[in-house]
>>> print(open('final-v8.cif').read())   # mmCIF, C-alpha atoms
data_query
#
loop_
_atom_site.group_PDB
_atom_site.id
_atom_site.type_symbol
_atom_site.label_atom_id
_atom_site.label_comp_id
_atom_site.auth_asym_id
_atom_site.auth_seq_id
_atom_site.Cartn_x
_atom_site.Cartn_y
_atom_site.Cartn_z
ATOM 1 C CA MET R 1 -164.757 -158.275 19.127
ATOM 2 C CA ALA R 2 -167.655 -160.715 19.678
ATOM 3 C CA ARG R 3 -168.696 -161.283 23.296
ATOM 4 C CA VAL R 4 -170.625 -164.017 25.087
ATOM 5 C CA GLY R 5 -174.316 -163.549 24.400
ATOM 6 C CA ASP R 6 -173.828 -161.859 21.027
ATOM 7 C CA GLU R 7 -175.377 -163.272 17.875
ATOM 8 C CA VAL R 8 -172.731 -163.482 15.170
ATOM 9 C CA SER R 9 -172.211 -164.913 11.694
ATOM 10 C CA ASN R 10 -170.685 -168.392 11.634
ATOM 11 C CA LYS R 11 -168.827 -169.597 8.546
ATOM 12 C CA GLN R 12 -169.205 -173.373 8.042
ATOM 13 C CA VAL R 13 -167.987 -176.168 5.748
ATOM 14 C CA ILE R 14 -171.096 -178.218 4.897
ATOM 15 C CA PHE R 15 -171.127 -181.835 3.723
ATOM 16 C CA ARG R 16 -173.111 -181.956 0.472
ATOM 17 C CA ASN R 17 -173.947 -185.637 -0.016
ATOM 18 C CA TYR R 18 -172.649 -189.171 0.475
ATOM 19 C CA VAL R 19 -169.436 -190.035 -1.340
ATOM 20 C CA THR R 20 -168.385 -193.137 -3.241
ATOM 21 C CA GLY R 21 -164.688 -193.377 -4.025
ATOM 22 C CA SER R 22 -162.344 -190.535 -3.169
ATOM 23 C CA PRO R 23 -163.897 -187.266 -1.983
ATOM 24 C CA LYS R 24 -163.859 -184.151 -4.155
ATOM 25 C CA GLU R 25 -163.964 -180.487 -3.220
ATOM 26 C CA SER R 26 -167.479 -180.323 -4.656
ATOM 27 C CA ASP R 27 -168.643 -182.794 -1.987
ATOM 28 C CA MET R 28 -168.431 -179.856 0.453
ATOM 29 C CA TYR R 29 -169.377 -176.199 0.303
ATOM 30 C CA VAL R 30 -168.851 -173.112 2.478
ATOM 31 C CA THR R 31 -171.793 -171.150 3.804
ATOM 32 C CA THR R 32 -172.613 -168.760 6.639
ATOM 33 C CA ALA R 33 -175.206 -169.173 9.378
ATOM 34 C CA ALA R 34 -175.990 -167.284 12.586
ATOM 35 C CA ILE R 35 -175.093 -168.476 16.085
ATOM 36 C CA LYS R 36 -175.655 -167.057 19.558
ATOM 37 C CA LEU R 37 -172.467 -167.164 21.602
ATOM 38 C CA LYS R 38 -174.087 -168.624 24.687
ATOM 39 C CA VAL R 39 -174.775 -172.118 25.994
ATOM 40 C CA PRO R 40 -178.539 -172.633 26.486
ATOM 41 C CA GLU R 41 -179.746 -172.929 30.071
ATOM 42 C CA GLY R 42 -180.214 -176.485 31.286
ATOM 43 C CA SER R 43 -177.419 -177.784 29.060
ATOM 44 C CA ASN R 44 -173.947 -178.992 30.087
ATOM 45 C CA ALA R 45 -172.518 -178.075 26.675
ATOM 46 C CA LEU R 46 -169.618 -175.847 25.662
ATOM 47 C CA LEU R 47 -169.575 -172.952 23.208
ATOM 48 C CA VAL R 48 -166.144 -172.814 21.577
ATOM 49 C CA LYS R 49 -164.239 -170.732 19.065
ATOM 50 C CA ASN R 50 -162.433 -173.122 16.722
ATOM 51 C CA LEU R 51 -158.761 -172.349 16.133
ATOM 52 C CA TYR R 52 -157.132 -175.268 14.273
ATOM 53 C CA LEU R 53 -158.797 -178.115 12.372
ATOM 54 C CA SER R 54 -157.156 -181.412 11.489
ATOM 55 C CA CYS R 55 -157.380 -183.070 8.065
ATOM 56 C CA ASP R 56 -157.288 -186.838 8.642
ATOM 57 C CA PRO R 57 -157.634 -189.816 6.270
ATOM 58 C CA LEU R 58 -160.439 -191.320 8.363
ATOM 59 C CA MET R 59 -162.699 -188.407 7.403
ATOM 60 C CA GLN R 60 -163.159 -190.061 4.002
ATOM 61 C CA PHE R 61 -164.809 -192.997 5.781
ATOM 62 C CA PHE R 62 -167.348 -190.702 7.493
ATOM 63 C CA MET R 63 -168.439 -189.361 4.096
ATOM 64 C CA ARG R 64 -169.966 -192.680 3.087
ATOM 65 C CA ASP R 65 -173.546 -193.807 3.502
ATOM 66 C CA ALA R 66 -173.533 -195.769 6.770
ATOM 67 C CA GLY R 67 -175.714 -198.466 5.213
ATOM 68 C CA GLY R 68 -176.792 -199.769 8.614
ATOM 69 C CA LEU R 69 -173.267 -199.795 10.064
ATOM 70 C CA THR R 70 -173.344 -198.897 13.748
ATOM 71 C CA GLY R 71 -170.684 -197.774 16.196
ATOM 72 C CA TYR R 72 -169.538 -194.761 14.154
ATOM 73 C CA LYS R 73 -170.918 -191.279 13.666
ATOM 74 C CA PHE R 74 -171.099 -190.497 9.948
ATOM 75 C CA TYR R 75 -171.496 -187.098 8.324
ATOM 76 C CA THR R 76 -175.038 -185.911 7.635
ATOM 77 C CA PRO R 77 -175.726 -184.240 4.265
ATOM 78 C CA GLY R 78 -176.512 -180.572 4.839
ATOM 79 C CA SER R 79 -174.622 -180.442 8.160
ATOM 80 C CA PRO R 80 -171.063 -179.337 8.961
ATOM 81 C CA VAL R 81 -168.095 -181.629 8.508
ATOM 82 C CA PHE R 82 -166.526 -182.624 11.841
ATOM 83 C CA GLY R 83 -163.154 -183.910 12.977
ATOM 84 C CA TYR R 84 -160.336 -183.293 15.423
ATOM 85 C CA GLY R 85 -159.499 -179.720 16.264
ATOM 86 C CA VAL R 86 -158.216 -177.220 18.805
ATOM 87 C CA ALA R 87 -160.635 -174.680 20.249
ATOM 88 C CA LYS R 88 -161.021 -172.017 22.931
ATOM 89 C CA VAL R 89 -163.967 -172.201 25.331
ATOM 90 C CA LEU R 90 -166.088 -169.026 25.218
ATOM 91 C CA ASP R 91 -168.958 -170.194 27.442
ATOM 92 C CA SER R 92 -169.509 -173.342 29.491
ATOM 93 C CA ARG R 93 -172.176 -175.014 31.573
ATOM 94 C CA HIS R 94 -169.984 -178.106 31.997
ATOM 95 C CA PRO R 95 -168.400 -178.603 35.434
ATOM 96 C CA GLU R 96 -165.003 -179.602 34.021
ATOM 97 C CA PHE R 97 -164.522 -176.663 31.642
ATOM 98 C CA GLU R 98 -164.663 -172.902 31.970
ATOM 99 C CA ALA R 99 -164.390 -169.888 29.692
ATOM 100 C CA GLY R 100 -160.819 -169.363 28.544
ATOM 101 C CA ASP R 101 -159.858 -173.060 28.565
ATOM 102 C CA LEU R 102 -158.092 -174.439 25.507
ATOM 103 C CA VAL R 103 -159.264 -177.894 24.430
ATOM 104 C CA TRP R 104 -158.666 -180.463 21.729
ATOM 105 C CA GLY R 105 -160.985 -183.172 20.484
ATOM 106 C CA THR R 106 -163.920 -183.527 18.098
ATOM 107 C CA THR R 107 -165.424 -180.304 16.810
ATOM 108 C CA LYS R 108 -167.224 -179.079 13.697
ATOM 109 C CA TRP R 109 -165.703 -177.328 10.703
ATOM 110 C CA GLU R 110 -167.059 -173.878 11.514
ATOM 111 C CA GLU R 111 -165.935 -170.721 13.269
ATOM 112 C CA TYR R 112 -167.974 -171.360 16.433
ATOM 113 C CA SER R 113 -169.407 -174.642 17.717
ATOM 114 C CA LEU R 114 -171.873 -175.610 20.405
ATOM 115 C CA ILE R 115 -170.481 -178.932 21.616
ATOM 116 C CA THR R 116 -172.987 -181.099 23.450
ATOM 117 C CA GLU R 117 -170.998 -184.356 23.269
ATOM 118 C CA THR R 118 -168.000 -183.373 25.372
ATOM 119 C CA GLU R 119 -166.574 -186.842 26.053
ATOM 120 C CA SER R 120 -163.812 -186.514 23.461
ATOM 121 C CA LEU R 121 -162.617 -183.095 24.651
ATOM 122 C CA ILE R 122 -159.287 -182.889 26.463
ATOM 123 C CA LYS R 123 -158.087 -179.773 28.251
ATOM 124 C CA ILE R 124 -154.755 -178.416 26.994
ATOM 125 C CA HIS R 125 -152.300 -177.763 29.830
ATOM 126 C CA HIS R 126 -149.071 -177.191 27.904
ATOM 127 C CA THR R 127 -149.080 -174.018 25.800
ATOM 128 C CA ASP R 128 -145.307 -173.598 25.387
ATOM 129 C CA VAL R 129 -145.574 -175.620 22.151
ATOM 130 C CA PRO R 130 -147.620 -174.653 19.059
ATOM 131 C CA LEU R 131 -151.342 -175.226 19.643
ATOM 132 C CA SER R 132 -151.592 -176.789 16.188
ATOM 133 C CA TYR R 133 -149.493 -179.698 17.531
ATOM 134 C CA TYR R 134 -152.626 -180.903 19.341
ATOM 135 C CA THR R 135 -154.047 -181.850 15.934
ATOM 136 C CA GLY R 136 -150.921 -183.933 15.275
ATOM 137 C CA ILE R 137 -147.931 -184.907 17.365
ATOM 138 C CA LEU R 138 -149.746 -184.210 20.667
ATOM 139 C CA GLY R 139 -153.139 -185.343 19.368
ATOM 140 C CA MET R 140 -154.571 -188.430 17.718
ATOM 141 C CA PRO R 141 -151.725 -189.047 15.196
ATOM 142 C CA GLY R 142 -149.151 -188.735 17.963
ATOM 143 C CA MET R 143 -150.953 -191.195 20.201
ATOM 144 C CA THR R 144 -151.398 -193.567 17.264
ATOM 145 C CA ALA R 145 -147.647 -193.459 16.620
ATOM 146 C CA TYR R 146 -146.906 -193.888 20.317
ATOM 147 C CA ALA R 147 -149.164 -196.936 20.705
ATOM 148 C CA GLY R 148 -148.033 -198.488 17.426
ATOM 149 C CA PHE R 149 -144.377 -198.042 18.330
ATOM 150 C CA TYR R 150 -144.136 -198.698 22.057
ATOM 151 C CA GLU R 151 -147.036 -201.125 22.525
ATOM 152 C CA VAL R 152 -147.167 -203.096 19.248
ATOM 153 C CA GLY R 153 -143.977 -202.844 17.178
ATOM 154 C CA THR R 154 -141.573 -202.379 20.123
ATOM 155 C CA PRO R 155 -138.401 -201.963 18.009
ATOM 156 C CA LYS R 156 -135.107 -202.449 19.812
ATOM 157 C CA LYS R 157 -131.690 -200.911 19.252
ATOM 158 C CA GLY R 158 -130.082 -202.243 16.077
ATOM 159 C CA GLU R 159 -133.274 -203.586 14.528
ATOM 160 C CA PHE R 160 -134.337 -202.895 10.938
ATOM 161 C CA VAL R 161 -137.513 -200.816 10.663
ATOM 162 C CA PHE R 162 -139.615 -200.005 7.598
ATOM 163 C CA VAL R 163 -142.368 -197.344 7.526
ATOM 164 C CA SER R 164 -144.784 -196.944 4.606
ATOM 165 C CA ALA R 165 -146.552 -193.589 3.999
ATOM 166 C CA ALA R 166 -143.610 -192.325 6.019
ATOM 167 C CA SER R 167 -144.061 -188.595 5.466
ATOM 168 C CA GLY R 168 -147.602 -188.573 6.845
ATOM 169 C CA ALA R 169 -148.825 -187.368 10.221
ATOM 170 C CA VAL R 170 -148.144 -190.743 11.887
ATOM 171 C CA GLY R 171 -145.318 -192.071 9.717
ATOM 172 C CA GLN R 172 -142.965 -189.142 10.298
ATOM 173 C CA LEU R 173 -143.183 -189.758 14.063
ATOM 174 C CA LEU R 174 -142.702 -193.518 13.834
ATOM 175 C CA GLY R 175 -139.450 -193.068 11.933
ATOM 176 C CA GLN R 176 -138.109 -190.562 14.446
ATOM 177 C CA PHE R 177 -139.099 -192.722 17.424
ATOM 178 C CA ALA R 178 -137.195 -195.587 15.806
ATOM 179 C CA LYS R 179 -134.089 -193.456 15.252
ATOM 180 C CA LEU R 180 -134.170 -192.308 18.891
ATOM 181 C CA GLU R 181 -134.155 -195.989 19.895
ATOM 182 C CA GLY R 182 -131.104 -196.692 17.726
ATOM 183 C CA CYS R 183 -132.784 -198.520 14.842
ATOM 184 C CA TYR R 184 -131.985 -198.522 11.122
ATOM 185 C CA VAL R 185 -135.014 -196.866 9.474
ATOM 186 C CA VAL R 186 -136.220 -196.755 5.867
ATOM 187 C CA GLY R 187 -139.392 -195.022 4.704
ATOM 188 C CA SER R 188 -141.398 -195.128 1.507
ATOM 189 C CA ALA R 189 -143.347 -192.209 0.048
ATOM 190 C CA GLY R 190 -144.917 -191.143 -3.234
ATOM 191 C CA SER R 191 -142.745 -188.286 -4.529
ATOM 192 C CA LYS R 192 -139.162 -187.037 -4.700
ATOM 193 C CA GLU R 193 -140.066 -184.135 -2.393
ATOM 194 C CA LYS R 194 -141.368 -186.511 0.254
ATOM 195 C CA VAL R 195 -138.294 -188.733 -0.029
ATOM 196 C CA ASP R 196 -136.042 -185.691 0.379
ATOM 197 C CA LEU R 197 -138.007 -184.652 3.464
ATOM 198 C CA LEU R 198 -137.576 -188.086 5.046
ATOM 199 C CA LYS R 199 -133.843 -188.214 4.497
ATOM 200 C CA ASN R 200 -132.850 -184.584 4.936
ATOM 201 C CA LYS R 201 -135.207 -183.281 7.629
ATOM 202 C CA LEU R 202 -136.706 -186.220 9.491
ATOM 203 C CA GLY R 203 -133.517 -188.249 9.842
ATOM 204 C CA PHE R 204 -134.485 -191.513 8.112
ATOM 205 C CA ASP R 205 -131.436 -193.577 7.094
ATOM 206 C CA GLU R 206 -132.903 -194.190 3.643
ATOM 207 C CA ALA R 207 -136.127 -193.530 1.759
ATOM 208 C CA PHE R 208 -137.523 -194.385 -1.664
ATOM 209 C CA ASN R 209 -140.355 -193.396 -3.983
ATOM 210 C CA TYR R 210 -142.496 -196.506 -4.327
ATOM 211 C CA LYS R 211 -143.960 -195.172 -7.598
ATOM 212 C CA GLU R 212 -140.522 -195.493 -9.231
ATOM 213 C CA GLU R 213 -140.050 -199.097 -8.111
ATOM 214 C CA HIS R 214 -141.351 -201.663 -10.586
ATOM 215 C CA ASP R 215 -140.481 -204.538 -8.253
ATOM 216 C CA LEU R 216 -141.209 -203.724 -4.593
ATOM 217 C CA ASN R 217 -139.766 -207.034 -3.416
ATOM 218 C CA ALA R 218 -136.447 -206.216 -5.090
ATOM 219 C CA ALA R 219 -136.520 -202.687 -3.659
ATOM 220 C CA LEU R 220 -136.973 -203.960 -0.123
ATOM 221 C CA LYS R 221 -134.192 -206.512 -0.579
ATOM 222 C CA ARG R 222 -131.956 -203.635 -1.708
ATOM 223 C CA TYR R 223 -132.653 -201.587 1.418
ATOM 224 C CA PHE R 224 -132.984 -204.535 3.807
ATOM 225 C CA PRO R 225 -130.554 -207.254 2.659
ATOM 226 C CA GLU R 226 -130.885 -208.907 6.081
ATOM 227 C CA GLY R 227 -134.651 -208.524 6.208
ATOM 228 C CA ILE R 228 -137.140 -206.378 8.164
ATOM 229 C CA ASP R 229 -137.661 -206.666 11.923
ATOM 230 C CA VAL R 230 -140.563 -204.230 12.280
ATOM 231 C CA TYR R 231 -142.931 -202.886 9.633
ATOM 232 C CA PHE R 232 -145.375 -200.058 10.316
ATOM 233 C CA GLU R 233 -148.172 -200.679 7.832
ATOM 234 C CA HIS R 234 -150.285 -197.849 6.407
ATOM 235 C CA VAL R 235 -151.060 -198.845 2.826
ATOM 236 C CA GLY R 236 -151.738 -202.584 2.378
ATOM 237 C CA GLY R 237 -151.872 -204.023 -1.147
ATOM 238 C CA LYS R 238 -148.705 -204.758 -3.092
ATOM 239 C CA MET R 239 -146.452 -203.093 -0.526
ATOM 240 C CA LEU R 240 -147.671 -205.391 2.240
ATOM 241 C CA ASP R 241 -147.289 -208.406 -0.058
ATOM 242 C CA ALA R 242 -143.662 -207.467 -0.701
ATOM 243 C CA VAL R 243 -142.933 -206.815 2.967
ATOM 244 C CA LEU R 244 -144.218 -210.263 3.952
ATOM 245 C CA LEU R 245 -141.543 -211.793 1.709
ATOM 246 C CA ASN R 246 -138.846 -209.842 3.545
ATOM 247 C CA MET R 247 -139.750 -210.180 7.220
ATOM 248 C CA ARG R 248 -137.150 -211.627 9.580
ATOM 249 C CA HIS R 249 -137.781 -214.395 12.106
ATOM 250 C CA ASN R 250 -139.729 -212.925 15.071
ATOM 251 C CA GLY R 251 -140.545 -209.829 12.995
ATOM 252 C CA ARG R 252 -143.530 -207.674 13.887
ATOM 253 C CA ILE R 253 -146.045 -205.811 11.705
ATOM 254 C CA ALA R 254 -148.016 -202.977 13.318
ATOM 255 C CA VAL R 255 -151.123 -202.098 11.325
ATOM 256 C CA CYS R 256 -151.601 -198.371 11.883
ATOM 257 C CA GLY R 257 -155.105 -196.975 12.033
ATOM 258 C CA MET R 258 -156.309 -194.286 14.414
ATOM 259 C CA ILE R 259 -156.392 -194.261 18.184
ATOM 260 C CA SER R 260 -157.826 -191.710 20.586
ATOM 261 C CA GLN R 261 -156.893 -190.870 24.181
ATOM 262 C CA TYR R 262 -154.745 -193.977 24.565
ATOM 263 C CA ASN R 263 -152.233 -193.567 27.425
ATOM 264 C CA LEU R 264 -152.474 -189.803 26.995
ATOM 265 C CA ASP R 265 -150.337 -188.897 30.028
ATOM 266 C CA GLU R 266 -147.599 -191.432 29.130
ATOM 267 C CA HIS R 267 -147.547 -190.094 25.586
ATOM 268 C CA GLU R 268 -147.230 -186.447 26.661
ATOM 269 C CA ASP R 269 -144.522 -187.317 29.209
ATOM 270 C CA LEU R 270 -142.439 -188.873 26.434
ATOM 271 C CA VAL R 271 -143.098 -186.501 23.547
ATOM 272 C CA LEU R 272 -143.158 -183.048 25.172
ATOM 273 C CA PRO R 273 -139.469 -183.236 26.255
ATOM 274 C CA TYR R 274 -138.514 -184.442 22.758
ATOM 275 C CA ILE R 275 -140.259 -181.395 21.254
ATOM 276 C CA ARG R 276 -138.734 -178.943 23.726
ATOM 277 C CA GLU R 277 -135.250 -180.414 23.264
ATOM 278 C CA LYS R 278 -135.726 -180.457 19.471
ATOM 279 C CA LYS R 279 -135.043 -184.198 19.340
ATOM 280 C CA ILE R 280 -138.172 -184.613 17.216
ATOM 281 C CA VAL R 281 -139.115 -182.523 14.192
ATOM 282 C CA TYR R 282 -142.812 -182.268 13.368
ATOM 283 C CA VAL R 283 -143.650 -180.940 9.923
ATOM 284 C CA GLU R 284 -147.022 -179.334 9.236
ATOM 285 C CA ASP R 285 -148.690 -178.034 6.090
ATOM 286 C CA ILE R 286 -150.907 -175.197 7.320
ATOM 287 C CA VAL R 287 -153.550 -173.452 5.209
ATOM 288 C CA GLU R 288 -155.447 -170.342 6.282
ATOM 289 C CA GLY R 289 -159.214 -170.045 6.487
ATOM 290 C CA LEU R 290 -162.210 -172.386 6.502
ATOM 291 C CA GLU R 291 -162.715 -171.769 2.780
ATOM 292 C CA SER R 292 -159.357 -173.522 2.212
ATOM 293 C CA GLY R 293 -160.519 -176.581 4.145
ATOM 294 C CA PRO R 294 -162.179 -178.680 1.409
ATOM 295 C CA ALA R 295 -159.136 -178.458 -0.908
ATOM 296 C CA ALA R 296 -156.779 -179.261 1.963
ATOM 297 C CA LEU R 297 -158.791 -182.323 2.972
ATOM 298 C CA VAL R 298 -159.138 -183.636 -0.582
ATOM 299 C CA GLY R 299 -155.395 -183.170 -1.053
ATOM 300 C CA LEU R 300 -154.809 -186.021 1.416
ATOM 301 C CA PHE R 301 -156.266 -188.478 -1.065
ATOM 302 C CA THR R 302 -154.638 -187.170 -4.238
ATOM 303 C CA GLY R 303 -151.065 -186.923 -2.944
ATOM 304 C CA ARG R 304 -151.129 -183.160 -3.454
ATOM 305 C CA ASN R 305 -150.072 -182.466 0.102
ATOM 306 C CA PHE R 306 -148.116 -184.402 2.658
ATOM 307 C CA VAL R 307 -146.920 -184.235 6.277
ATOM 308 C CA LYS R 308 -149.606 -183.121 8.756
ATOM 309 C CA GLN R 309 -152.360 -181.043 7.114
ATOM 310 C CA VAL R 310 -153.909 -178.353 9.317
ATOM 311 C CA VAL R 311 -156.541 -175.677 8.624
ATOM 312 C CA VAL R 312 -156.270 -172.450 10.635
ATOM 313 C CA VAL R 313 -159.656 -170.937 11.452
ATOM 314 C CA ALA R 314 -158.316 -168.369 13.932
ATOM 315 C CA ARG R 315 -155.091 -167.991 15.865
ATOM 316 C CA GLU R 316 -156.766 -167.163 19.223
#
>>> encode(input="final-v8.cif", output="structure tokens")
Amino acid sequence: MARVGDEVSNKQVIFRNYVTGSPKESDMYVTTAAIKLKVPEGSNALLVKNLYLSCDPLMQFFMRDAGGLTGYKFYTPGSPVFGYGVAKVLDSRHPEFEAGDLVWGTTKWEEYSLITETESLIKIHHTDVPLSYYTGILGMPGMTAYAGFYEVGTPKKGEFVFVSAASGAVGQLLGQFAKLEGCYVVGSAGSKEKVDLLKNKLGFDEAFNYKEEHDLNAALKRYFPEGIDVYFEHVGGKMLDAVLLNMRHNGRIAVCGMISQYNLDEHEDLVLPYIREKKIVYVEDIVEGLESGPAALVGLFTGRNFVKQVVVVARE
């Protein structure tokens, strides 16, 4: 077993070059470098062992050439991919973290990471739920669903709710939040398997495969004869056009992107009891090993996988 101070091999997923269009597996490659398991003196960084990595749609955006755009950190060709993950602290010179702590936040796609920008890291206090949940229901997608539902859409008992991309990491939570509030909920997805998941496991009242609907306006009128009170928007385009024709008076549309660290304590106070009492189901698609990461990430954009996609680097 590797110990603090040892120099060890470090498997990494490297970003090859800037991407136009949808990413491909060949836009990344796996290699091995060496790393010393110790934070350099004079630094307030952390040295972590990565456990679970999150595959998120926004990562496609970071693969583009920034072209002068500021305010975001884009991937650098020849450097590791980065994103949300769960990690264990091996060594720390930061006053708020110590060896043995479990954290979630931004980390690199590699076995071990020296994290110098620690602002995004959040200490994990609740370990009676799967650690992988901190890439999803208890992480960024969960907080996005929480904010979109309770702060923007605010559905009330008896209202009619529609969720697009409903089997995804955020959509599956929005539908379940709505059911817990007593709403009528319909979701759309892109395959029979996803539709079955929505209706049979996640508790949606109805669901449909948008690819089989030649007239989305007619489909929505079929499922919402009285119109839509709240729409959680993930896809835009023709679906949004059709929804706008079916919104009720005083209806609300929540445009769902990504949100980080928003009302974290409120979110955990609400969601943790739901998980423990099994009032919410959270479905993950977990693949093993960093070498499986590129295919898992690309699968988000081809429809090959659904629900929350997670890459396991190590289980502790």
>>> closest_residue(input="final-v8.cif", among="R:Tyr75, R:Tyr184, R:Tyr133, R:Tyr112", to="Ala314 of chain R", atoms="all atoms listed in the file")
R:Tyr112
>>> resolve_selection(input="final-v8.cif", expression="the PyMOL selection byres ((chain R and resi 17) around 6)", output="mmCIF file with C-alpha atoms, in the coordinates of the input")
data_model
loop_
_atom_site.group_PDB
_atom_site.id
_atom_site.type_symbol
_atom_site.label_atom_id
_atom_site.label_comp_id
_atom_site.auth_asym_id
_atom_site.auth_seq_id
_atom_site.Cartn_x
_atom_site.Cartn_y
_atom_site.Cartn_z
ATOM 1 C CA ARG R 16 -173.111 -181.956 0.472
ATOM 2 C CA TYR R 18 -172.649 -189.171 0.475
ATOM 3 C CA PRO R 77 -175.726 -184.240 4.265
#
>>> atom_distance(input="final-v8.cif", atom1="atom CA of Val19 of chain R", atom2="atom CA of Gly299 of chain R")
15.6 Å
>>> atom_distance(input="final-v8.cif", atom1="atom CA of Leu46 of chain R", atom2="atom CA of Glu316 of chain R")
16.8 Å
>>> resolve_selection(input="final-v8.cif", expression="the PyMOL selection byres ((chain R and resi 65) around 12)", output="number ranges by chain")
R: 17-21, 60-64, 66-70, 72-77
>>> resolve_selection(input="final-v8.cif", expression="the PyMOL selection byres ((chain R and resi 140-148) around 10)", output="JSON, numbers by chain")
{"R": [54, 56, 84, 104, 105, 133, 134, 135, 136, 137, 138, 139, 149, 150, 151, 152, 153, 154, 168, 169, 170, 171, 172, 173, 174, 175, 177, 232, 233, 253, 254, 255, 256, 257, 258, 259, 260, 261, 262, 263, 264, 266, 267, 268, 270, 271, 308]}
>>> residues_near_point(input="final-v8.cif", point="(-160.9, -177.9, 9.3)", cutoff="10 Å", atoms="all atoms listed in the file", output="VMD selection string")
chain R and resid 12 to 13 50 to 56 81 to 86 107 to 111 287 to 294 296 to 297 309 to 313
>>> residues_near_point(input="final-v8.cif", point="(-138.4, -200.5, 6.7)", cutoff="7 Å", atoms="only C-alpha atoms", output="PyMOL selection string")
chain R and resi 160-163+185-187+228+231
>>> atom_distance(input="final-v8.cif", atom1="atom CA of Pro57 of chain R", atom2="atom CA of Gln176 of chain R")
21.2 Å
>>> closest_residue(input="final-v8.cif", among="R:Asn250, R:Thr106, R:Lys49, R:Ser164", to="Leu220 of chain R", atoms="all atoms listed in the file")
R:Ser164
>>> closest_residue(input="final-v8.cif", among="R:Ser167, R:Asn44, R:Ser92, R:Ser132", to="Glu117 of chain R", atoms="all atoms listed in the file")
R:Asn44
>>> axis_aligned_box(input="final-v8.cif", around="segment 139-145 of chain R", padding_each_side="3 Å", output="JSON")
{"center_x": -151.1, "center_y": -189.5, "center_z": 17.7, "size_x": 12.9, "size_y": 14.2, "size_z": 11.0}
>>> closest_residue(input="final-v8.cif", among="R:Phe97, R:Tyr282, R:Tyr274, R:Tyr223", to="Leu180 of chain R", atoms="only C-alpha atoms")
R:Tyr274
